[in-house]
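Undergrad: model31.csv is the file, holding CSV, C-alpha atoms and all ligand atoms:
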chain,number,residue,atom,x,y,z
U,12,MET,CA,27.8,16.9,-4.6
U,13,LYS,CA,24.6,15.3,-6.0
U,14,LYS,CA,23.0,13.0,-3.5
U,15,ILE,CA,19.3,12.8,-4.2
U,16,SER,CA,16.8,11.1,-1.9
U,17,ILE,CA,13.5,9.8,-3.4
U,18,CYS,CA,10.9,9.6,-0.8
U,19,GLY,CA,7.1,9.7,-0.3
U,20,LYS,CA,4.1,7.7,0.6
U,21,GLY,CA,4.1,3.9,0.3
U,22,GLY,CA,3.3,2.8,-3.2
U,23,SER,CA,3.4,6.3,-4.7
U,24,GLY,CA,6.1,5.2,-7.2
U,25,LYS,CA,9.4,5.9,-5.4
U,26,SER,CA,11.2,2.8,-6.8
U,27,THR,CA,9.8,3.5,-10.3
U,28,VAL,CA,11.0,7.1,-10.2
U,29,VAL,CA,14.4,6.0,-9.0
U,30,ALA,CA,14.8,3.7,-12.0
U,31,LEU,CA,13.5,6.3,-14.5
U,32,LEU,CA,15.8,8.9,-13.2
U,33,ALA,CA,18.8,6.6,-12.9
U,34,HIS,CA,18.5,5.6,-16.5
U,35,GLY,CA,17.8,9.1,-17.7
U,36,ALA,CA,20.8,10.5,-15.8
U,37,ARG,CA,23.1,7.7,-17.1
U,38,ASP,CA,22.0,8.6,-20.7
U,39,ARG,CA,23.1,12.2,-19.9
U,40,GLY,CA,26.6,10.9,-19.1
U,41,ARG,CA,26.4,10.5,-15.3
U,42,GLN,CA,27.7,7.5,-13.4
U,43,VAL,CA,24.8,6.7,-11.2
U,44,LEU,CA,24.9,4.8,-7.9
U,45,VAL,CA,21.5,3.7,-6.7
U,46,VAL,CA,21.3,3.1,-2.9
U,47,ASP,CA,18.5,0.8,-1.8
U,48,SER,CA,17.6,2.1,1.6
U,49,ASP,CA,14.2,0.4,1.8
U,50,GLU,CA,14.5,-2.3,4.5
U,51,SER,CA,11.3,-4.1,3.4
U,52,ASN,CA,10.8,-4.4,-0.4
U,53,PRO,CA,13.3,-6.8,-2.0
U,54,GLY,CA,12.8,-6.0,-5.7
U,55,LEU,CA,14.6,-2.8,-6.7
U,56,TYR,CA,17.3,-4.8,-8.5
U,57,ARG,CA,14.6,-6.1,-10.9
U,58,VAL,CA,13.0,-2.7,-11.4
U,59,LEU,CA,16.4,-1.5,-12.5
U,60,GLY,CA,17.0,-4.5,-14.8
U,61,PHE,CA,19.6,-6.4,-12.8
U,62,ASP,CA,19.3,-10.2,-12.5
U,63,LYS,CA,20.7,-10.4,-8.9
U,64,ARG,CA,20.8,-8.2,-5.9
U,65,PRO,CA,24.1,-7.1,-4.2
U,66,GLU,CA,25.1,-8.4,-0.8
U,67,PRO,CA,23.7,-5.9,1.9
U,68,LEU,CA,26.2,-3.4,3.2
U,69,LEU,CA,25.3,-4.4,6.7
U,70,GLY,CA,27.6,-7.4,6.1
U,71,LEU,CA,30.6,-5.1,5.9
U,72,VAL,CA,30.1,-3.9,9.5
U,73,GLY,CA,29.3,-7.3,10.9
U,74,GLY,CA,25.5,-7.2,10.9
U,75,LYS,CA,22.8,-5.1,12.6
U,76,LYS,CA,24.0,-5.5,16.1
U,77,GLU,CA,27.4,-4.0,15.2
U,78,VAL,CA,26.1,-0.8,13.6
U,79,PHE,CA,25.6,1.3,16.7
U,80,PRO,CA,28.9,0.3,18.4
U,81,THR,CA,30.8,0.8,15.0
U,82,PHE,CA,29.5,4.3,14.4
U,83,SER,CA,29.1,5.6,18.0
U,84,GLU,CA,32.9,6.1,18.4
U,85,GLU,CA,34.4,9.1,16.8
U,86,THR,CA,37.5,7.2,15.8
U,87,GLU,CA,37.9,6.0,12.2
U,88,HIS,CA,39.0,2.5,11.5
U,89,GLU,CA,41.0,2.5,8.3
U,90,GLU,CA,40.7,-1.3,8.1
U,91,ASN,CA,36.9,-1.1,7.8
U,92,LEU,CA,35.9,0.6,4.5
U,93,LEU,CA,32.6,2.0,5.8
U,94,THR,CA,34.1,3.6,8.9
U,95,ARG,CA,36.8,5.5,6.9
U,96,LYS,CA,36.3,9.2,6.8
U,97,GLU,CA,35.9,9.0,3.1
U,98,PHE,CA,35.6,6.2,0.5
U,99,ARG,CA,34.6,6.1,-3.2
U,100,VAL,CA,32.2,4.0,-5.2
U,101,ALA,CA,35.2,2.3,-6.8
U,102,ASP,CA,36.4,1.1,-3.3
U,103,LEU,CA,33.3,-1.0,-2.7
U,104,PRO,CA,34.0,-4.8,-2.8
U,105,GLY,CA,32.5,-6.6,-5.8
U,106,ASP,CA,30.0,-8.7,-3.9
U,107,TYR,CA,28.4,-5.5,-2.5
U,108,ILE,CA,27.6,-3.7,-5.7
U,109,VAL,CA,26.1,-4.8,-9.0
U,110,GLU,CA,26.9,-2.7,-12.0
U,111,ARG,CA,26.0,-2.4,-15.6
U,112,ASP,CA,26.1,0.3,-18.3
U,113,GLY,CA,26.9,3.2,-15.9
U,114,ILE,CA,24.4,2.3,-13.2
U,115,GLY,CA,25.5,0.6,-9.9
U,116,LEU,CA,23.3,-0.6,-7.1
U,117,VAL,CA,24.1,-1.1,-3.4
U,118,CYS,CA,21.7,-2.3,-0.7
U,119,ILE,CA,21.8,-1.2,2.9
U,120,GLY,CA,20.0,-4.2,4.4
U,121,LYS,CA,16.7,-5.9,4.7
U,122,ILE,CA,14.6,-7.2,7.6
U,123,LEU,CA,14.8,-11.0,7.2
U,124,GLN,CA,13.2,-12.5,10.3
U,125,SER,CA,10.4,-12.1,12.7
U,126,LEU,CA,11.4,-10.5,16.0
U,127,GLU,CA,14.8,-9.4,14.7
U,128,GLY,CA,14.3,-6.0,16.1
U,129,CYS,CA,13.7,-2.5,14.6
U,130,ALA,CA,15.3,-1.1,11.4
U,131,CYS,CA,17.1,1.8,13.2
U,132,PRO,CA,20.5,0.3,12.5
U,133,MET,CA,19.7,0.4,8.7
U,134,GLY,CA,18.9,4.1,9.0
U,135,VAL,CA,22.2,4.8,10.8
U,136,LEU,CA,24.1,2.8,8.2
U,137,SER,CA,22.4,4.7,5.4
U,138,ARG,CA,23.3,8.0,7.0
U,139,GLU,CA,26.9,7.1,7.6
U,140,PHE,CA,27.3,5.5,4.2
U,141,LEU,CA,26.0,8.6,2.4
U,142,LYS,CA,28.0,10.9,4.6
U,143,ARG,CA,31.3,9.2,3.9
U,144,LEU,CA,30.8,8.4,0.3
U,145,SER,CA,32.9,10.8,-1.7
U,146,LEU,CA,31.7,11.4,-5.3
U,147,GLN,CA,33.9,12.0,-8.3
U,148,LYS,CA,33.0,14.4,-11.1
U,149,ASP,CA,30.0,13.1,-13.0
U,150,GLU,CA,29.0,10.7,-10.3
U,151,ILE,CA,25.6,11.0,-8.7
U,152,VAL,CA,23.7,9.0,-6.0
U,153,VAL,CA,20.0,8.3,-6.1
U,154,VAL,CA,18.5,6.9,-2.9
U,155,ASP,CA,15.4,4.8,-2.8
U,156,MET,CA,14.0,5.5,0.7
U,157,GLU,CA,11.6,3.5,2.7
U,158,ALA,CA,8.0,4.8,2.6
U,159,GLY,CA,7.0,7.5,5.1
U,160,ILE,CA,9.1,9.7,7.2
U,161,GLU,CA,11.0,7.6,9.7
U,162,HIS,CA,14.2,8.2,7.8
U,163,PHE,CA,14.1,11.8,8.8
U,164,GLY,CA,14.0,10.7,12.5
U,165,ARG,CA,17.1,8.7,11.8
U,166,GLY,CA,18.9,11.7,10.2
U,167,VAL,CA,19.5,10.1,6.8
U,168,GLU,CA,18.8,13.4,5.1
U,169,THR,CA,21.6,15.1,6.9
U,170,SER,CA,23.9,13.4,4.4
U,171,ILE,CA,22.1,14.3,1.2
U,172,ASP,CA,21.6,17.5,-0.8
U,173,SER,CA,18.4,17.1,-2.7
U,174,VAL,CA,15.0,15.6,-1.7
U,175,LEU,CA,12.5,14.5,-4.3
U,176,ILE,CA,9.1,13.6,-2.9
U,177,VAL,CA,6.9,11.4,-5.1
U,178,THR,CA,3.2,12.3,-4.9
U,179,GLU,CA,0.4,10.3,-6.3
U,180,PRO,CA,-3.1,11.7,-6.6
U,181,SER,CA,-4.4,11.1,-3.1
U,182,PHE,CA,-5.0,13.3,-0.1
U,183,ASP,CA,-2.6,11.3,2.1
U,184,SER,CA,0.1,11.6,-0.4
U,185,LEU,CA,-0.4,15.4,-0.6
U,186,GLU,CA,-0.3,15.8,3.1
U,187,LEU,CA,2.8,13.7,3.4
U,188,ALA,CA,4.5,15.8,0.7
U,189,GLU,CA,3.9,18.9,2.8
U,190,LYS,CA,5.2,17.2,5.9
U,191,ILE,CA,8.3,15.9,4.2
U,192,SER,CA,9.1,19.2,2.7
U,193,ALA,CA,9.0,20.8,6.2
U,194,LEU,CA,11.2,18.1,7.6
U,195,ALA,CA,13.7,18.5,4.8
U,196,ALA,CA,13.9,22.2,5.4
U,197,GLU,CA,14.4,21.6,9.1
U,198,VAL,CA,17.6,19.6,8.5
U,199,GLY,CA,18.8,22.3,6.1
U,200,VAL,CA,18.2,20.6,2.7
U,201,GLU,CA,17.7,23.5,0.2
U,202,ARG,CA,16.8,21.5,-2.9
U,203,VAL,CA,13.4,20.1,-2.2
U,204,TRP,CA,10.7,19.3,-4.8
U,205,THR,CA,7.8,17.0,-5.4
U,206,VAL,CA,7.2,15.1,-8.6
U,207,LEU,CA,3.6,14.2,-9.4
U,208,ASN,CA,3.2,10.6,-10.4
U,209,LYS,CA,0.5,8.4,-12.0
U,210,ILE,CA,-1.1,11.5,-13.6
U,211,ARG,CA,-4.0,10.5,-15.8
U,212,SER,CA,-5.2,13.9,-17.1
U,213,LYS,CA,-4.2,17.6,-17.3
U,214,GLU,CA,-7.0,18.4,-14.9
U,215,ILE,CA,-5.6,16.2,-12.2
U,216,ALA,CA,-2.1,17.6,-12.8
U,217,SER,CA,-3.3,21.2,-12.5
U,218,ARG,CA,-5.4,20.4,-9.4
U,219,LEU,CA,-2.4,18.8,-7.7
U,220,ARG,CA,-0.2,21.7,-8.7
U,221,LYS,CA,-2.6,24.2,-7.0
U,222,GLU,CA,-2.7,22.0,-3.9
U,223,MET,CA,1.1,22.0,-3.8
U,224,GLU,CA,1.2,25.8,-4.2
U,225,LYS,CA,-1.1,26.2,-1.2
U,226,ARG,CA,1.2,23.9,0.8
U,227,ASN,CA,4.4,25.8,-0.4
U,228,VAL,CA,5.9,22.7,-2.1
U,229,SER,CA,7.7,23.2,-5.4
U,230,VAL,CA,6.6,20.9,-8.2
U,231,ILE,CA,9.6,19.7,-10.4
U,232,GLY,CA,7.4,18.0,-12.9
U,233,SER,CA,4.8,15.3,-13.5
U,234,ILE,CA,4.9,11.7,-14.7
U,235,GLY,CA,1.9,10.2,-16.5
U,236,TYR,CA,0.1,7.1,-15.5
U,237,GLU,CA,1.6,4.5,-17.9
U,238,PRO,CA,-0.1,1.2,-18.3
U,239,GLU,CA,3.2,-0.4,-19.4
U,240,ILE,CA,4.8,0.6,-16.1
U,241,PHE,CA,1.9,-0.8,-14.2
U,242,GLN,CA,2.2,-4.1,-16.2
U,243,SER,CA,5.9,-4.4,-15.6
U,244,GLY,CA,5.3,-3.8,-11.9
U,245,LEU,CA,2.8,-6.7,-11.9
U,246,GLU,CA,5.1,-9.0,-13.7
U,247,GLY,CA,8.4,-8.1,-11.9
U,248,ARG,CA,10.0,-6.7,-15.1
U,249,PRO,CA,12.3,-3.7,-15.4
U,250,VAL,CA,10.7,-0.3,-15.8
U,251,ARG,CA,10.5,0.9,-19.4
U,252,ARG,CA,10.8,4.6,-20.2
U,253,ASP,CA,9.6,4.7,-23.8
U,254,LYS,CA,6.6,7.0,-23.4
U,255,LEU,CA,8.1,9.0,-20.5
U,256,GLU,CA,11.3,10.4,-22.0
U,257,THR,CA,9.9,14.0,-22.1
U,258,ASP,CA,8.5,13.9,-18.6
U,259,ILE,CA,11.8,12.6,-17.2
U,260,GLY,CA,13.9,14.9,-19.3
U,261,ARG,CA,12.2,18.0,-17.8
U,262,ILE,CA,12.8,16.7,-14.3
U,263,LEU,CA,16.4,15.9,-15.0
U,264,ASP,CA,17.0,19.4,-16.4
U,265,GLN,CA,16.3,20.8,-13.0
U,266,LEU,CA,17.7,18.1,-10.8
U,267,LEU,CA,21.2,17.6,-12.3
R,301,LIG,N1,3.7,6.4,-13.6
R,301,LIG,C1,3.2,5.2,-13.3
R,301,LIG,N2,2.3,4.6,-14.2
R,301,LIG,C2,1.7,3.4,-13.9
R,301,LIG,N3,2.0,2.7,-12.8
R,301,LIG,C3,2.9,3.2,-12.0
R,301,LIG,C4,3.6,4.4,-12.2
R,301,LIG,N4,4.4,4.6,-11.2
R,301,LIG,C5,4.3,3.5,-10.4
R,301,LIG,N5,3.4,2.7,-10.8
R,301,LIG,C6,3.0,1.4,-10.2
R,301,LIG,O1,2.7,1.6,-8.9
R,301,LIG,C7,3.1,0.6,-8.0
R,301,LIG,C8,4.0,1.1,-6.9
R,301,LIG,O2,5.2,1.7,-7.5
R,301,LIG,P1,6.6,1.6,-6.8
R,301,LIG,O3,6.8,0.2,-6.3
R,301,LIG,O4,7.5,2.3,-7.6
R,301,LIG,O5,6.2,2.5,-5.5
R,301,LIG,P2,7.0,2.7,-4.2
R,301,LIG,O6,6.7,4.1,-3.7
R,301,LIG,O7,8.4,2.4,-4.4
R,301,LIG,O8,6.4,1.6,-3.2
R,301,LIG,P3,6.9,1.2,-1.8
R,301,LIG,O9,6.5,2.3,-0.8
R,301,LIG,O10,6.2,-0.1,-1.5
R,301,LIG,O11,8.4,1.0,-1.9
R,301,LIG,C9,3.8,-0.4,-8.9
R,301,LIG,O12,2.9,-1.4,-9.3
R,301,LIG,C10,4.2,0.4,-10.1
R,301,LIG,O13,4.3,-0.4,-11.3
R,302,MG,MG,9.7,1.0,-3.4
Is it possible to express this structure as structure tokens?
Ligand SMILES: Nc1ncnc2c1ncn2[C@@H]1O[C@H](COP(=O)(O)OP(=O)(O)OP(=O)(O)O)[C@@H](O)[C@H]1O
Ligand SMILES: [Mg+2]

TA:
Amino acid sequence: MKKISICGKGGSGKSTVVALLAHGARDRGRQVLVVDSDESNPGLYRVLGFDKRPEPLLGLVGGKKEVFPTFSEETEHEENLLTRKEFRVADLPGDYIVERDGIGLVCIGKILQSLEGCACPMGVLSREFLKRLSLQKDEIVVVDMEAGIEHFGRGVETSIDSVLIVTEPSFDSLELAEKISALAAEVGVERVWTVLNKIRSKEIASRLRKEMEKRNVSVIGSIGYEPEIFQSGLEGRPVRRDKLETDIGRILDQLL
């Protein structure tokens, strides 16, 4: 099983890293399913290079209000795909997944209106979707988490096996990496690392590595600050990997 959650501080580069890893893993022969589990930001499909987003999976269970009743019962409803004990990527209805060149994207759900209530149902749906999704050989899942740590409160990580924390060069980001690493250990995830992102010099990289060592967080690798990535973020274009192949390759060597 390879279900990898990408988490960390807001704006640290989670969605960027998701796209870089998804393309890199696909190039290594994996079938990649990206799960958009961020209920706020709408643009992951663009970062990945798709021209439309999939219908939110919330629609398959009848909307936010139906999530708790649907998953609170122990019984499985064969007629509803998402409440089956197990289902595969290939079982997902066409409107709910966009796919191209070995990468698929599904979206849990987005907050659409003022006063519509909290995002807890999305967390529950993420957890149940990831738990029930049965992967075939060579399939992997990469989850783009919402910023911060609320997803741990909702138990999403109980259904995944690897946690990758994106850390940018800021004290808050370092502190959050330490916190997330402890939370992941608490729910029994054994494969936990941080990836340093937006690194502008060897000095900054080595300083962050020392800080992580003090905090007992393993560093899987680092990704340079790349003006072309910043530019594509500004213009809403897909992430390009040209100058980051080596950085991403080293991370995938350990992750896959
Ligand atoms: N290695 C990098 N080099 C240059 N810019 C980067 C890099 N990684 C991310 N960025 C830029 O930083 C910004 C935030 O990146 P991204 O949206 O991936 O972060 P995020 O953690 O997913 O944010 P959010 O918490 O809002 O979901 C974007 O403008 C992106 O282009
Ligand atoms: Mg994001």

Undergrad: Can you pull out every residue within 8 Å of region 26-33 of chain U, counting all atoms listed in the file, but drop anything in the same chain fewer than 4 positions away, and send it as a ChimeraX atom specification?

TA: /U:17,37,43,45,55,58-59,114,153-155,177,250-252,259,263

Undergrad: For region 182-184 of chain U, work out the shell of residues within 9 Å, counting all atoms listed in the file and skipping chain neighbours fewer than 5 positions away, then give it as a VMD selection string.

TA: chain U and resid 19 to 21 23 177 189

Undergrad: What do you get as a ChimeraX atom specification if you pick all residues at most 7 Å from ligand MG 302 (chain R), counting all atoms listed in the file?

TA: /U:22,24-26,49,52,155,157

Undergrad: Tell me which of U:Thr205, U:Ser181, U:Ser137, U:Gln124 sits closest to Glu168 (chain U), counting only C-alpha atoms.

TA: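 With only C-alpha atoms as the atom set, the closest residue is U:Ser137.
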
Undergrad: Would you list the contacts of Lys76 (chain U) as a PDB file with C-alpha atoms, in the frame of the given file, taking every protein, DNA or RNA residue within 12 Å and counting only C-alpha atoms, but skipping same-chain residues closer than 3 positions in sequence?

TA:
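part_29.pdb was written with the following content:
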ATOM      1  CA  LEU U  69      25.300  -4.400   6.700  1.00  0.00           C
ATOM      2  CA  GLY U  70      27.600  -7.400   6.100  1.00  0.00           C
ATOM      3  CA  VAL U  72      30.100  -3.900   9.500  1.00  0.00           C
ATOM      4  CA  GLY U  73      29.300  -7.300  10.900  1.00  0.00           C
ATOM      5  CA  PHE U  79      25.600   1.300  16.700  1.00  0.00           C
ATOM      6  CA  PRO U  80      28.900   0.300  18.400  1.00  0.00           C
ATOM      7  CA  THR U  81      30.800   0.800  15.000  1.00  0.00           C
ATOM      8  CA  PHE U  82      29.500   4.300  14.400  1.00  0.00           C
ATOM      9  CA  GLU U 127      14.800  -9.400  14.700  1.00  0.00           C
ATOM     10  CA  GLY U 128      14.300  -6.000  16.100  1.00  0.00           C
ATOM     11  CA  CYS U 129      13.700  -2.500  14.600  1.00  0.00           C
ATOM     12  CA  ALA U 130      15.300  -1.100  11.400  1.00  0.00           C
ATOM     13  CA  CYS U 131      17.100   1.800  13.200  1.00  0.00           C
ATOM     14  CA  PRO U 132      20.500   0.300  12.500  1.00  0.00           C
ATOM     15  CA  MET U 133      19.700   0.400   8.700  1.00  0.00           C
ATOM     16  CA  VAL U 135      22.200   4.800  10.800  1.00  0.00           C
ATOM     17  CA  LEU U 136      24.100   2.800   8.200  1.00  0.00           C
TER      18      LEU U 136
END

Undergrad: Do you know which residues are at most 9 Å from Gly247 (chain U) counting all atoms listed in the file, after dropping those on the same chain fewer than 5 positions away, and could you put them as a list in words?

TA: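 Contacts, in chain order: Gly54, Arg57, Val58 and Gln242 of chain U.
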
Undergrad: Kindly indicate which residue among U:Ser192, U:Asn227, U:Ser16, U:Ser243 lies nearest to ligand LIG 301 (chain R), using all atoms listed in the file for the distances.

TA: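 Nearest to ligand LIG 301 (chain R): U:Ser243.
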
Undergrad: Using only C-alpha atoms, which of the listed residues (U:Asp172, U:Glu186, U:Asp253, U:Glu179) sits closest to Val203 (chain U)?

TA: U:Asp172

Undergrad: Mind pulling up the distance from CA of Cys118 (chain U) to CA of Val230 (chain U)?

TA: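 So the two atoms, CA of Val230 (chain U) and CA of Cys118 (chain U), lie 28.7 Å apart.
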
Undergrad: Between U:Glu90, U:Asp38, U:Asp149, U:Asp47, which has the minimum distance to ligand LIG 301 (chain R) (counting all atoms listed in the file)?

TA: U:Asp47

Undergrad: Please, what distance in Å, to one decimal, runs between CA of Lys148 (chain U) and CA of Leu266 (chain U)?

TA: 15.7 Å

Undergrad: For atom O11 of ligand LIG 301 (chain R) and CA of Asp258 (chain U), quote the distance in Å rounded to one decimal.

TA: 21.1 Å

Undergrad: Taking only C-alpha atoms and all ligand atoms into account, name the residue in U:Lys225, U:Glu66, U:Tyr56, U:Ala196 that is nearest to ligand LIG 301 (chain R).

TA: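 So, comparing all the options, the nearest one is U:Tyr56.
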
Undergrad: With a distance cut-off of 8 Å and only C-alpha atoms, select the neighbouring residues of Tyr236 (chain U), excluding the residue or stretch itself and same-chain residues fewer than 3 positions from it, and output the selection as a PyMOL selection string.

TA: chain U and resi 208-211

Undergrad: Tell me which of U:Leu123, U:Leu146, U:Leu175, U:Val46 sits closest to Glu97 (chain U), counting only C-alpha atoms.

TA: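 Smallest separation from Glu97 (chain U) among the options: U:Leu146.
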